>>> print(open('run14.cif').read())   # mmCIF, C-alpha atoms and all ligand atoms
data_data
#
loop_
_atom_site.label_atom_id
_atom_site.label_comp_id
_atom_site.auth_asym_id
_atom_site.auth_seq_id
_atom_site.Cartn_x
_atom_site.Cartn_y
_atom_site.Cartn_z
CA MET A 236 0.00 0.00 0.00
CA ILE A 237 1.21 3.51 -0.84
CA LYS A 238 2.08 6.05 1.89
CA ASN A 239 0.55 9.53 1.59
CA ARG A 240 3.31 12.03 0.64
CA TYR A 241 0.99 15.02 0.36
CA GLU A 242 0.29 17.63 3.03
CA GLY A 243 -3.44 16.99 3.05
CA LYS A 244 -4.36 14.14 5.40
CA PHE A 245 -6.45 11.17 4.35
CA ILE A 246 -8.86 10.24 7.17
CA VAL A 247 -11.24 7.30 6.91
CA PHE A 248 -14.26 6.28 9.01
CA GLU A 249 -15.12 2.59 9.10
CA GLY A 250 -17.68 0.44 10.87
CA LEU A 251 -20.87 -1.51 10.37
CA ASP A 252 -23.79 -0.16 8.36
CA GLY A 253 -25.62 2.27 10.64
CA SER A 254 -22.69 2.66 13.06
CA GLY A 255 -22.66 6.44 12.53
CA LYS A 256 -19.70 6.82 10.11
CA SER A 257 -21.40 9.32 7.87
CA THR A 258 -22.57 11.39 10.88
CA GLN A 259 -19.04 11.58 12.38
CA ALA A 260 -17.38 12.20 8.98
CA GLY A 261 -19.78 15.09 8.39
CA LEU A 262 -19.10 16.60 11.83
CA LEU A 263 -15.34 16.36 11.27
CA ALA A 264 -15.44 17.99 7.84
CA LYS A 265 -17.68 20.76 9.25
CA LYS A 266 -15.39 21.36 12.23
CA MET A 267 -12.34 21.53 9.96
CA ASN A 268 -14.00 24.07 7.71
CA LYS A 269 -15.03 26.11 10.79
CA ASN A 270 -11.35 26.20 11.81
CA SER A 271 -10.47 27.31 8.25
CA ILE A 272 -8.84 23.95 7.56
CA LYS A 273 -9.68 22.85 4.05
CA SER A 274 -11.52 19.55 3.96
CA HIS A 275 -13.46 17.41 1.56
CA LYS A 276 -15.99 14.82 2.68
CA THR A 277 -16.48 11.83 0.45
CA PHE A 278 -17.65 8.20 0.56
CA GLU A 279 -17.51 4.73 -0.98
CA PRO A 280 -19.21 3.27 -2.90
CA THR A 281 -18.94 6.54 -4.88
CA GLN A 282 -21.61 8.49 -6.75
CA TYR A 283 -19.83 7.73 -10.03
CA LEU A 284 -20.66 5.10 -12.65
CA ILE A 285 -19.08 2.08 -10.94
CA GLY A 286 -20.54 3.15 -7.57
CA GLY A 287 -23.98 3.10 -9.22
CA LEU A 288 -23.40 -0.45 -10.48
CA ILE A 289 -22.45 -1.48 -6.94
CA ARG A 290 -25.53 0.11 -5.36
CA SER A 291 -27.83 -1.66 -7.80
CA PHE A 292 -26.02 -4.95 -6.98
CA LEU A 293 -26.51 -4.34 -3.24
CA ALA A 294 -30.19 -3.62 -3.85
CA ASN A 295 -30.54 -6.98 -5.71
CA ASP A 296 -31.25 -5.40 -9.12
CA TRP A 297 -28.68 -7.69 -10.75
CA LYS A 298 -26.53 -10.60 -9.63
CA SER A 299 -22.98 -11.88 -10.00
CA SER A 300 -20.37 -13.53 -7.77
CA PRO A 301 -19.00 -12.05 -4.49
CA ASP A 302 -15.58 -11.80 -6.24
CA CYS A 303 -17.12 -9.71 -9.02
CA LEU A 304 -18.72 -7.38 -6.44
CA GLN A 305 -15.46 -6.82 -4.56
CA LEU A 306 -13.58 -6.21 -7.83
CA LEU A 307 -16.15 -3.53 -8.62
CA PHE A 308 -15.46 -1.94 -5.20
CA ALA A 309 -11.74 -1.96 -6.06
CA ALA A 310 -12.39 -0.41 -9.49
CA ASP A 311 -14.65 2.21 -7.88
CA ARG A 312 -11.82 2.96 -5.43
CA ALA A 313 -9.22 3.33 -8.20
CA TYR A 314 -11.48 5.88 -9.91
CA HIS A 315 -12.24 7.63 -6.61
CA LEU A 316 -8.52 8.00 -5.87
CA GLU A 317 -7.78 9.30 -9.36
CA LYS A 318 -10.71 11.71 -9.70
CA GLU A 319 -11.22 12.98 -6.16
CA ILE A 320 -8.87 11.85 -3.41
CA PHE A 321 -5.45 12.50 -4.98
CA PRO A 322 -6.48 15.83 -6.59
CA ALA A 323 -7.72 17.08 -3.17
CA LEU A 324 -4.66 15.90 -1.22
CA LYS A 325 -2.37 17.51 -3.84
CA LYS A 326 -4.15 20.84 -3.16
CA ARG A 327 -3.50 20.38 0.60
CA ILE A 328 -7.16 19.62 1.21
CA ASN A 329 -7.79 17.01 3.94
CA VAL A 330 -9.99 14.19 2.73
CA VAL A 331 -12.55 12.66 5.12
CA CYS A 332 -13.88 9.44 3.65
CA ASP A 333 -16.83 7.27 4.76
CA ARG A 334 -15.56 3.69 4.03
CA TYR A 335 -12.43 2.64 2.14
CA PHE A 336 -10.47 -0.58 1.69
CA PHE A 337 -10.96 -1.97 5.21
CA SER A 338 -14.65 -2.27 4.19
CA SER A 339 -13.58 -4.45 1.26
CA PHE A 340 -11.58 -6.63 3.62
CA ALA A 341 -14.14 -6.83 6.47
CA TYR A 342 -17.24 -7.35 4.27
CA GLY A 343 -15.54 -9.06 1.34
CA ALA A 344 -13.91 -11.71 3.53
CA LEU A 345 -17.39 -13.06 4.35
CA ASP A 346 -17.37 -14.69 0.91
CA CYS A 347 -13.95 -14.08 -0.70
CA ASP A 348 -10.34 -14.93 0.10
CA LEU A 349 -8.87 -12.20 2.33
CA ASP A 350 -5.33 -12.37 0.90
CA TRP A 351 -6.75 -12.02 -2.62
CA LEU A 352 -8.76 -8.97 -1.52
CA ILE A 353 -5.71 -7.37 0.08
CA LYS A 354 -3.69 -7.99 -3.12
CA ALA A 355 -6.42 -6.39 -5.24
CA ASN A 356 -6.11 -3.24 -3.09
CA ASP A 357 -2.33 -3.28 -2.76
CA ASN A 358 -1.65 -0.34 -5.11
CA PHE A 359 -3.93 2.01 -3.24
CA LEU A 360 -3.18 4.85 -0.84
CA LEU A 361 -2.90 3.95 2.85
CA PRO A 362 -5.04 6.29 5.01
CA ASP A 363 -3.18 8.52 7.52
CA LEU A 364 -5.84 7.58 10.05
CA THR A 365 -8.69 5.09 10.15
CA ILE A 366 -11.32 5.45 12.88
CA ILE A 367 -13.49 2.36 13.32
CA LEU A 368 -16.80 2.89 15.13
CA LYS A 369 -17.61 -0.07 17.34
CA SER A 370 -21.36 -0.39 17.43
CA ASP A 371 -23.59 -3.29 18.40
CA PRO A 372 -25.13 -4.93 15.27
CA ASP A 373 -28.62 -4.84 16.86
CA ILE A 374 -28.30 -1.11 17.49
CA CYS A 375 -27.05 -0.60 13.91
CA MET A 376 -30.06 -2.48 12.51
CA LYS A 377 -32.46 -0.41 14.64
CA ARG A 378 -30.86 2.86 13.47
CA MET A 379 -31.11 1.76 9.84
CA ALA A 380 -34.71 0.57 10.19
CA LYS A 381 -35.70 4.15 11.04
CA GLU A 382 -34.68 5.49 7.65
CA ARG A 383 -34.67 2.61 5.15
CA PHE A 384 -37.47 1.06 3.10
CA SER A 385 -35.49 -2.03 2.09
CA VAL A 386 -32.66 -4.19 3.41
CA GLU A 387 -29.42 -4.41 1.40
CA LEU A 388 -27.07 -7.36 0.89
CA PHE A 389 -25.04 -7.20 4.13
CA GLU A 390 -27.69 -5.69 6.40
CA LYS A 391 -28.52 -8.66 8.64
CA VAL A 392 -27.49 -9.00 12.31
CA GLY A 393 -25.67 -12.33 11.82
CA LYS A 394 -23.64 -11.01 8.88
CA LEU A 395 -22.84 -7.75 10.65
CA GLN A 396 -21.56 -9.69 13.67
CA LYS A 397 -19.13 -11.59 11.41
CA VAL A 398 -18.10 -8.37 9.66
CA TRP A 399 -17.29 -6.91 13.08
CA GLU A 400 -15.09 -9.90 13.95
CA ASN A 401 -13.30 -9.34 10.61
CA TYR A 402 -12.69 -5.66 11.48
CA LEU A 403 -11.03 -6.74 14.73
CA ARG A 404 -8.78 -9.22 12.87
CA LEU A 405 -7.81 -6.44 10.45
CA VAL A 406 -6.79 -4.14 13.30
CA GLU A 407 -4.33 -6.84 14.45
CA ARG A 408 -3.07 -7.52 10.94
CA PHE A 409 -2.50 -3.88 9.94
CA LYS A 410 -1.52 -2.30 13.28
CA SER A 411 2.20 -2.07 12.39
CA GLU A 412 1.64 -0.23 9.09
CA ALA A 413 -1.56 1.77 9.63
CA ASP A 414 -2.89 4.14 12.30
CA ILE A 415 -6.20 2.52 13.23
CA ARG A 416 -8.34 3.50 16.25
CA VAL A 417 -11.39 1.64 17.45
CA ILE A 418 -13.84 3.82 19.38
CA ASN A 419 -17.18 3.12 21.04
CA GLY A 420 -19.97 4.16 18.67
CA ASP A 421 -22.80 3.28 21.06
CA ARG A 422 -22.79 6.68 22.77
CA PRO A 423 -24.50 9.98 22.00
CA VAL A 424 -23.20 11.64 18.82
CA PRO A 425 -21.47 14.61 20.59
CA GLU A 426 -19.64 12.28 22.99
CA ILE A 427 -18.25 10.18 20.12
CA PHE A 428 -17.25 13.33 18.27
CA GLU A 429 -15.32 14.60 21.31
CA GLU A 430 -13.17 11.48 21.11
CA VAL A 431 -12.75 11.91 17.34
CA GLU A 432 -11.57 15.50 17.93
CA LYS A 433 -8.99 14.35 20.49
CA ILE A 434 -7.63 11.75 18.05
CA ILE A 435 -7.42 14.36 15.27
CA ALA A 436 -5.59 16.72 17.65
CA GLY A 437 -2.83 14.09 17.82
CA LYS A 438 -2.43 14.07 14.03
CA LYS A 439 -0.93 17.59 13.99
CA ILE A 440 -3.10 19.15 11.33
CA ASP A 441 -2.21 22.83 10.79
CA GLY A 442 -4.81 25.14 12.37
CA TRP A 443 -6.66 22.41 14.30
CA LYS A 444 -8.22 23.69 17.53
CA LEU A 445 -10.35 21.67 19.94
P1 LIG A 501 -23.52 4.99 8.69
O1 LIG A 501 -22.94 6.07 7.79
O2 LIG A 501 -22.48 4.29 9.49
O3 LIG A 501 -24.43 4.04 7.94
P2 LIG A 501 -25.14 7.13 9.77
O4 LIG A 501 -24.20 8.18 10.23
O5 LIG A 501 -25.84 7.34 8.45
O6 LIG A 501 -24.44 5.69 9.77
O7 LIG A 501 -26.21 6.91 10.93
C1 LIG A 501 -27.29 6.00 10.78
C2 LIG A 501 -28.50 6.56 11.56
O8 LIG A 501 -28.22 6.56 12.96
C3 LIG A 501 -28.85 8.01 11.21
O9 LIG A 501 -30.25 8.17 11.32
C4 LIG A 501 -28.14 8.82 12.29
O10 LIG A 501 -28.77 10.05 12.52
C5 LIG A 501 -28.22 7.89 13.49
N1 LIG A 501 -27.05 7.99 14.37
C6 LIG A 501 -25.76 8.20 14.03
N2 LIG A 501 -24.95 8.17 15.13
C7 LIG A 501 -25.76 7.92 16.18
C8 LIG A 501 -25.52 7.78 17.59
N3 LIG A 501 -24.32 7.85 18.12
N4 LIG A 501 -26.59 7.54 18.39
C9 LIG A 501 -27.84 7.43 17.86
N5 LIG A 501 -28.13 7.56 16.54
C10 LIG A 501 -27.11 7.81 15.71
P1 LIG A 502 -22.85 2.01 2.35
O1 LIG A 502 -23.97 2.36 1.41
O2 LIG A 502 -21.81 3.01 2.63
O3 LIG A 502 -23.46 1.47 3.69
P2 LIG A 502 -23.86 2.27 5.01
O4 LIG A 502 -24.05 3.72 4.69
O5 LIG A 502 -25.13 1.57 5.42
O6 LIG A 502 -22.77 2.03 5.98
O7 LIG A 502 -22.04 0.73 1.83
C1 LIG A 502 -22.64 -0.24 1.09
C2 LIG A 502 -22.32 -1.64 1.56
O8 LIG A 502 -21.19 -2.13 0.84
C3 LIG A 502 -22.03 -1.84 3.02
O9 LIG A 502 -22.84 -2.92 3.46
C4 LIG A 502 -20.59 -2.25 3.05
C5 LIG A 502 -20.29 -2.81 1.69
N1 LIG A 502 -18.93 -2.61 1.17
C6 LIG A 502 -18.19 -3.72 0.75
O10 LIG A 502 -18.63 -4.87 0.84
N2 LIG A 502 -16.93 -3.51 0.22
C7 LIG A 502 -16.41 -2.25 0.07
O11 LIG A 502 -15.26 -2.09 -0.42
C8 LIG A 502 -17.19 -1.12 0.51
C9 LIG A 502 -16.66 0.28 0.36
C10 LIG A 502 -18.46 -1.35 1.05
#
>>> encode(input="run14.cif", output="structure tokens")
Amino acid sequence: MIKNRYEGKFIVFEGLDGSGKSTQAGLLAKKMNKNSIKSHKTFEPTQYLIGGLIRSFLANDWKSSPDCLQLLFAADRAYHLEKEIFPALKKRINVVCDRYFFSSFAYGALDCDLDWLIKANDNFLLPDLTIILKSDPDICMKRMAKERFSVELFEKVGKLQKVWENYLRLVERFKSEADIRVINGDRPVPEIFEEVEKIIAGKKIDGWKL
């Protein structure tokens, strides 16, 4: 995996569906902008063409193998890096991303070979920081039920429990090369964000104030 040599930091939020990633990513981008620190919030699967193919797969509009799905995620990521992430980092803009390759590893490993998945993502940029929100699968399902009309491919308690176990294995596997923090996501939003802010303070981003 490639180390970030740009001044802009690449910060990723990970966790189960409904764990609050998008909420915390949004708060962080907003806080950065308030402190006059340039930031760009983004997410995977993207809003581009390949991201659309993925969303329709997840919604059961078409079918293929789990390997095909995870290769689409990797292709979507390659395009995301080229079109959005690298251009922002080059302009010293911090990128805050909701999901990245640890999602491919944690979800993909339910049905695909983990080493193969890691190889398929090997040429991609390593995040400067990955924050994983630890949230109970039952709580995640309840949060999602409030705002969804249909259930997507991975959105079942049993599957989410296994995905969580995969996240924990990934923390062990990548702890020597990546900065990964696991924080408790089953707290009120402001309390979680306070912890996020403290972690960011340790990353020495110019202009960051608590
Ligand atoms: P994700 O991006 O991980 O799927 P979201 O940030 O979209 O999760 O949150 C899913 C739902 O749960 C949203 O309705 C959001 O407002 C709510 N939510 C997010 N964080 C919390 C929290 N800490 N406590 C209670 N509800 C939350
Ligand atoms: P998303 O729509 O971001 O889910 P949520 O907002 O509910 O967290 O992600 C779509 C699903 O795709 C999610 O269940 C996780 C899965 N996924 C993978 O399997 N591999 C990947 O590389 C990524 C980015 C997501």
>>> residues_near_ligand(input="run14.cif", ligand="ligand LIG 502 (chain A)", cutoff="7 Å", atoms="all atoms listed in the file", output="list in words")
Leu251, Asp252, Gly253, Ser257, Phe278, Glu279, Pro280, Leu293, Gln305, Phe308, Ala309, Asp333, Arg334, Tyr335, Phe336, Ser338, Ser339, Tyr342, Gly343, Leu388, Phe389 and Glu390 of chain A
>>> write_last_selection(input="run14.cif", atoms="C-alpha atoms", output="PDB file, in the coordinates of the input")
ATOM      1  CA  LEU A 251     -20.870  -1.510  10.370  1.00  0.00           C
ATOM      2  CA  ASP A 252     -23.790  -0.160   8.360  1.00  0.00           C
ATOM      3  CA  GLY A 253     -25.620   2.270  10.640  1.00  0.00           C
ATOM      4  CA  SER A 257     -21.400   9.320   7.870  1.00  0.00           C
ATOM      5  CA  PHE A 278     -17.650   8.200   0.560  1.00  0.00           C
ATOM      6  CA  GLU A 279     -17.510   4.730  -0.980  1.00  0.00           C
ATOM      7  CA  PRO A 280     -19.210   3.270  -2.900  1.00  0.00           C
ATOM      8  CA  LEU A 293     -26.510  -4.340  -3.240  1.00  0.00           C
ATOM      9  CA  GLN A 305     -15.460  -6.820  -4.560  1.00  0.00           C
ATOM     10  CA  PHE A 308     -15.460  -1.940  -5.200  1.00  0.00           C
ATOM     11  CA  ALA A 309     -11.740  -1.960  -6.060  1.00  0.00           C
ATOM     12  CA  ASP A 333     -16.830   7.270   4.760  1.00  0.00           C
ATOM     13  CA  ARG A 334     -15.560   3.690   4.030  1.00  0.00           C
ATOM     14  CA  TYR A 335     -12.430   2.640   2.140  1.00  0.00           C
ATOM     15  CA  PHE A 336     -10.470  -0.580   1.690  1.00  0.00           C
ATOM     16  CA  SER A 338     -14.650  -2.270   4.190  1.00  0.00           C
ATOM     17  CA  SER A 339     -13.580  -4.450   1.260  1.00  0.00           C
ATOM     18  CA  TYR A 342     -17.240  -7.350   4.270  1.00  0.00           C
ATOM     19  CA  GLY A 343     -15.540  -9.060   1.340  1.00  0.00           C
ATOM     20  CA  LEU A 388     -27.070  -7.360   0.890  1.00  0.00           C
ATOM     21  CA  PHE A 389     -25.040  -7.200   4.130  1.00  0.00           C
ATOM     22  CA  GLU A 390     -27.690  -5.690   6.400  1.00  0.00           C
TER      23      GLU A 390
END
>>> closest_atom_pairs(input="run14.cif", of="chain A", to="ligand LIG 501 (chain A)", cutoff="9 Å", atoms="all atoms listed in the file", output="CSV")
residue,atom,partner,partner_atom,distance
A:Phe248,CA,A:LIG501,O2,8.5
A:Glu249,CA,A:LIG501,O2,7.6
A:Gly250,CA,A:LIG501,O2,6.3
A:Leu251,CA,A:LIG501,O2,6.1
A:Asp252,CA,A:LIG501,O3,4.3
A:Gly253,CA,A:LIG501,O3,3.4
A:Ser254,CA,A:LIG501,O2,3.9
A:Gly255,CA,A:LIG501,O4,3.3
A:Lys256,CA,A:LIG501,O2,3.8
A:Ser257,CA,A:LIG501,O1,3.6
A:Thr258,CA,A:LIG501,O4,3.7
A:Gln259,CA,A:LIG501,O4,6.5
A:Ala260,CA,A:LIG501,O4,8.0
A:Gly261,CA,A:LIG501,O4,8.4
A:Asp333,CA,A:LIG501,O1,6.9
A:Arg334,CA,A:LIG501,O1,8.6
A:Leu368,CA,A:LIG501,O2,8.1
A:Ser370,CA,A:LIG501,N3,8.8
A:Ile374,CA,A:LIG501,C9,8.6
A:Cys375,CA,A:LIG501,C1,7.3
A:Lys377,CA,A:LIG501,O8,8.3
A:Arg378,CA,A:LIG501,O8,4.6
A:Met379,CA,A:LIG501,C2,5.7
A:Ala380,CA,A:LIG501,C2,8.7
A:Lys381,CA,A:LIG501,O9,6.8
A:Glu382,CA,A:LIG501,O9,6.3
A:Gly420,CA,A:LIG501,N3,5.7
A:Asp421,CA,A:LIG501,N3,5.6
A:Arg422,CA,A:LIG501,N3,5.0
A:Pro423,CA,A:LIG501,N3,4.4
A:Val424,CA,A:LIG501,N3,4.0
A:Pro425,CA,A:LIG501,N3,7.7
A:Glu426,CA,A:LIG501,N3,8.1
A:Ile427,CA,A:LIG501,N3,6.8
A:Phe428,CA,A:LIG501,N3,8.9
>>> atom_distance(input="run14.cif", atom1="atom CA of Ile440 of chain A", atom2="atom CA of Leu316 of chain A")
21.2 Å
>>> closest_residue(input="run14.cif", among="A:Leu345, A:Ala294, A:Ile366, A:Cys303", to="Ile434 of chain A", atoms="only C-alpha atoms")
A:Ile366
>>> closest_residue(input="run14.cif", among="A:Glu387, A:Lys238, A:Met267, A:Asp363", to="Asp296 of chain A", atoms="all atoms listed in the file")
A:Glu387
>>> atom_distance(input="run14.cif", atom1="atom CA of Met236 of chain A", atom2="atom CA of Phe359 of chain A")
5.5 Å
>>> atom_distance(input="run14.cif", atom1="atom CA of Arg240 of chain A", atom2="atom CA of Glu429 of chain A")
27.9 Å
>>> closest_residue(input="run14.cif", among="A:Asn329, A:Cys347, A:Ala310, A:Val417", to="Ser271 of chain A", atoms="all atoms listed in the file")
A:Asn329
>>> closest_residue(input="run14.cif", among="A:Lys325, A:Arg404, A:Lys276, A:Lys397", to="Phe337 of chain A", atoms="all atoms listed in the file")
A:Arg404
>>> closest_residue(input="run14.cif", among="A:Lys369, A:Phe321, A:Ile328, A:Gln282", to="Gly243 of chain A", atoms="only C-alpha atoms")
A:Ile328
>>> closest_residue(input="run14.cif", among="A:Val406, A:Cys332, A:Leu360, A:Leu306", to="Thr281 of chain A", atoms="all atoms listed in the file")
A:Cys332
>>> residues_around(input="run14.cif", residues="Ile353 of chain A", least_positions_apart="2", cutoff="10 Å", atoms="all atoms listed in the file", output="CSV table (one decimal) with C-alpha atoms, in the coordinates of the input")
chain,number,residue,atom,x,y,z
A,236,MET,CA,0.0,0.0,0.0
A,336,PHE,CA,-10.5,-0.6,1.7
A,337,PHE,CA,-11.0,-2.0,5.2
A,339,SER,CA,-13.6,-4.4,1.3
A,340,PHE,CA,-11.6,-6.6,3.6
A,344,ALA,CA,-13.9,-11.7,3.5
A,348,ASP,CA,-10.3,-14.9,0.1
A,349,LEU,CA,-8.9,-12.2,2.3
A,350,ASP,CA,-5.3,-12.4,0.9
A,351,TRP,CA,-6.8,-12.0,-2.6
A,355,ALA,CA,-6.4,-6.4,-5.2
A,356,ASN,CA,-6.1,-3.2,-3.1
A,357,ASP,CA,-2.3,-3.3,-2.8
A,358,ASN,CA,-1.6,-0.3,-5.1
>>> residues_around(input="run14.cif", residues="Lys391 of chain A", least_positions_apart="4", cutoff="9 Å", atoms="all atoms listed in the file", output="VMD selection string")
chain A and resid 372 376 386 to 387 395 to 396
>>> decode(input="run14.cif", residues="segment 238-249 of chain A", atoms="N, CA, C and O atoms", output="PDB file, in the first residue's frame")
ATOM      1  N   LYS A 238       2.145   5.059   0.794  1.00  0.00           N
ATOM      2  CA  LYS A 238       2.076   6.051   1.885  1.00  0.00           C
ATOM      3  C   LYS A 238       1.716   7.421   1.304  1.00  0.00           C
ATOM      4  O   LYS A 238       2.151   7.766   0.204  1.00  0.00           O
ATOM      5  N   ASN A 239       0.947   8.194   2.046  1.00  0.00           N
ATOM      6  CA  ASN A 239       0.554   9.534   1.591  1.00  0.00           C
ATOM      7  C   ASN A 239       1.735  10.496   1.711  1.00  0.00           C
ATOM      8  O   ASN A 239       2.224  10.737   2.803  1.00  0.00           O
ATOM      9  N   ARG A 240       2.192  11.079   0.571  1.00  0.00           N
ATOM     10  CA  ARG A 240       3.308  12.026   0.642  1.00  0.00           C
ATOM     11  C   ARG A 240       2.823  13.468   0.469  1.00  0.00           C
ATOM     12  O   ARG A 240       3.605  14.384   0.302  1.00  0.00           O
ATOM     13  N   TYR A 241       1.515  13.656   0.494  1.00  0.00           N
ATOM     14  CA  TYR A 241       0.989  15.018   0.362  1.00  0.00           C
ATOM     15  C   TYR A 241       0.717  15.621   1.733  1.00  0.00           C
ATOM     16  O   TYR A 241       0.619  14.910   2.725  1.00  0.00           O
ATOM     17  N   GLU A 242       0.541  16.966   1.742  1.00  0.00           N
ATOM     18  CA  GLU A 242       0.295  17.628   3.033  1.00  0.00           C
ATOM     19  C   GLU A 242      -1.117  17.390   3.557  1.00  0.00           C
ATOM     20  O   GLU A 242      -1.335  17.316   4.758  1.00  0.00           O
ATOM     21  N   GLY A 243      -2.070  17.297   2.635  1.00  0.00           N
ATOM     22  CA  GLY A 243      -3.441  16.993   3.054  1.00  0.00           C
ATOM     23  C   GLY A 243      -3.482  15.603   3.662  1.00  0.00           C
ATOM     24  O   GLY A 243      -2.788  14.702   3.198  1.00  0.00           O
ATOM     25  N   LYS A 244      -4.265  15.453   4.733  1.00  0.00           N
ATOM     26  CA  LYS A 244      -4.358  14.140   5.396  1.00  0.00           C
ATOM     27  C   LYS A 244      -5.557  13.357   4.848  1.00  0.00           C
ATOM     28  O   LYS A 244      -6.585  13.938   4.492  1.00  0.00           O
ATOM     29  N   PHE A 245      -5.391  12.051   4.831  1.00  0.00           N
ATOM     30  CA  PHE A 245      -6.450  11.167   4.350  1.00  0.00           C
ATOM     31  C   PHE A 245      -7.012  10.399   5.553  1.00  0.00           C
ATOM     32  O   PHE A 245      -6.347   9.531   6.115  1.00  0.00           O
ATOM     33  N   ILE A 246      -8.237  10.788   5.954  1.00  0.00           N
ATOM     34  CA  ILE A 246      -8.857  10.243   7.171  1.00  0.00           C
ATOM     35  C   ILE A 246     -10.101   9.421   6.788  1.00  0.00           C
ATOM     36  O   ILE A 246     -10.968   9.914   6.062  1.00  0.00           O
ATOM     37  N   VAL A 247     -10.154   8.202   7.299  1.00  0.00           N
ATOM     38  CA  VAL A 247     -11.241   7.297   6.911  1.00  0.00           C
ATOM     39  C   VAL A 247     -12.060   6.881   8.139  1.00  0.00           C
ATOM     40  O   VAL A 247     -11.494   6.609   9.203  1.00  0.00           O
ATOM     41  N   PHE A 248     -13.378   6.847   7.969  1.00  0.00           N
ATOM     42  CA  PHE A 248     -14.257   6.282   9.006  1.00  0.00           C
ATOM     43  C   PHE A 248     -14.745   4.919   8.520  1.00  0.00           C
ATOM     44  O   PHE A 248     -15.155   4.773   7.357  1.00  0.00           O
ATOM     45  N   GLU A 249     -14.669   3.942   9.415  1.00  0.00           N
ATOM     46  CA  GLU A 249     -15.118   2.591   9.100  1.00  0.00           C
ATOM     47  C   GLU A 249     -16.043   2.089  10.201  1.00  0.00           C
ATOM     48  O   GLU A 249     -16.022   2.613  11.327  1.00  0.00           O
TER      49      GLU A 249
END
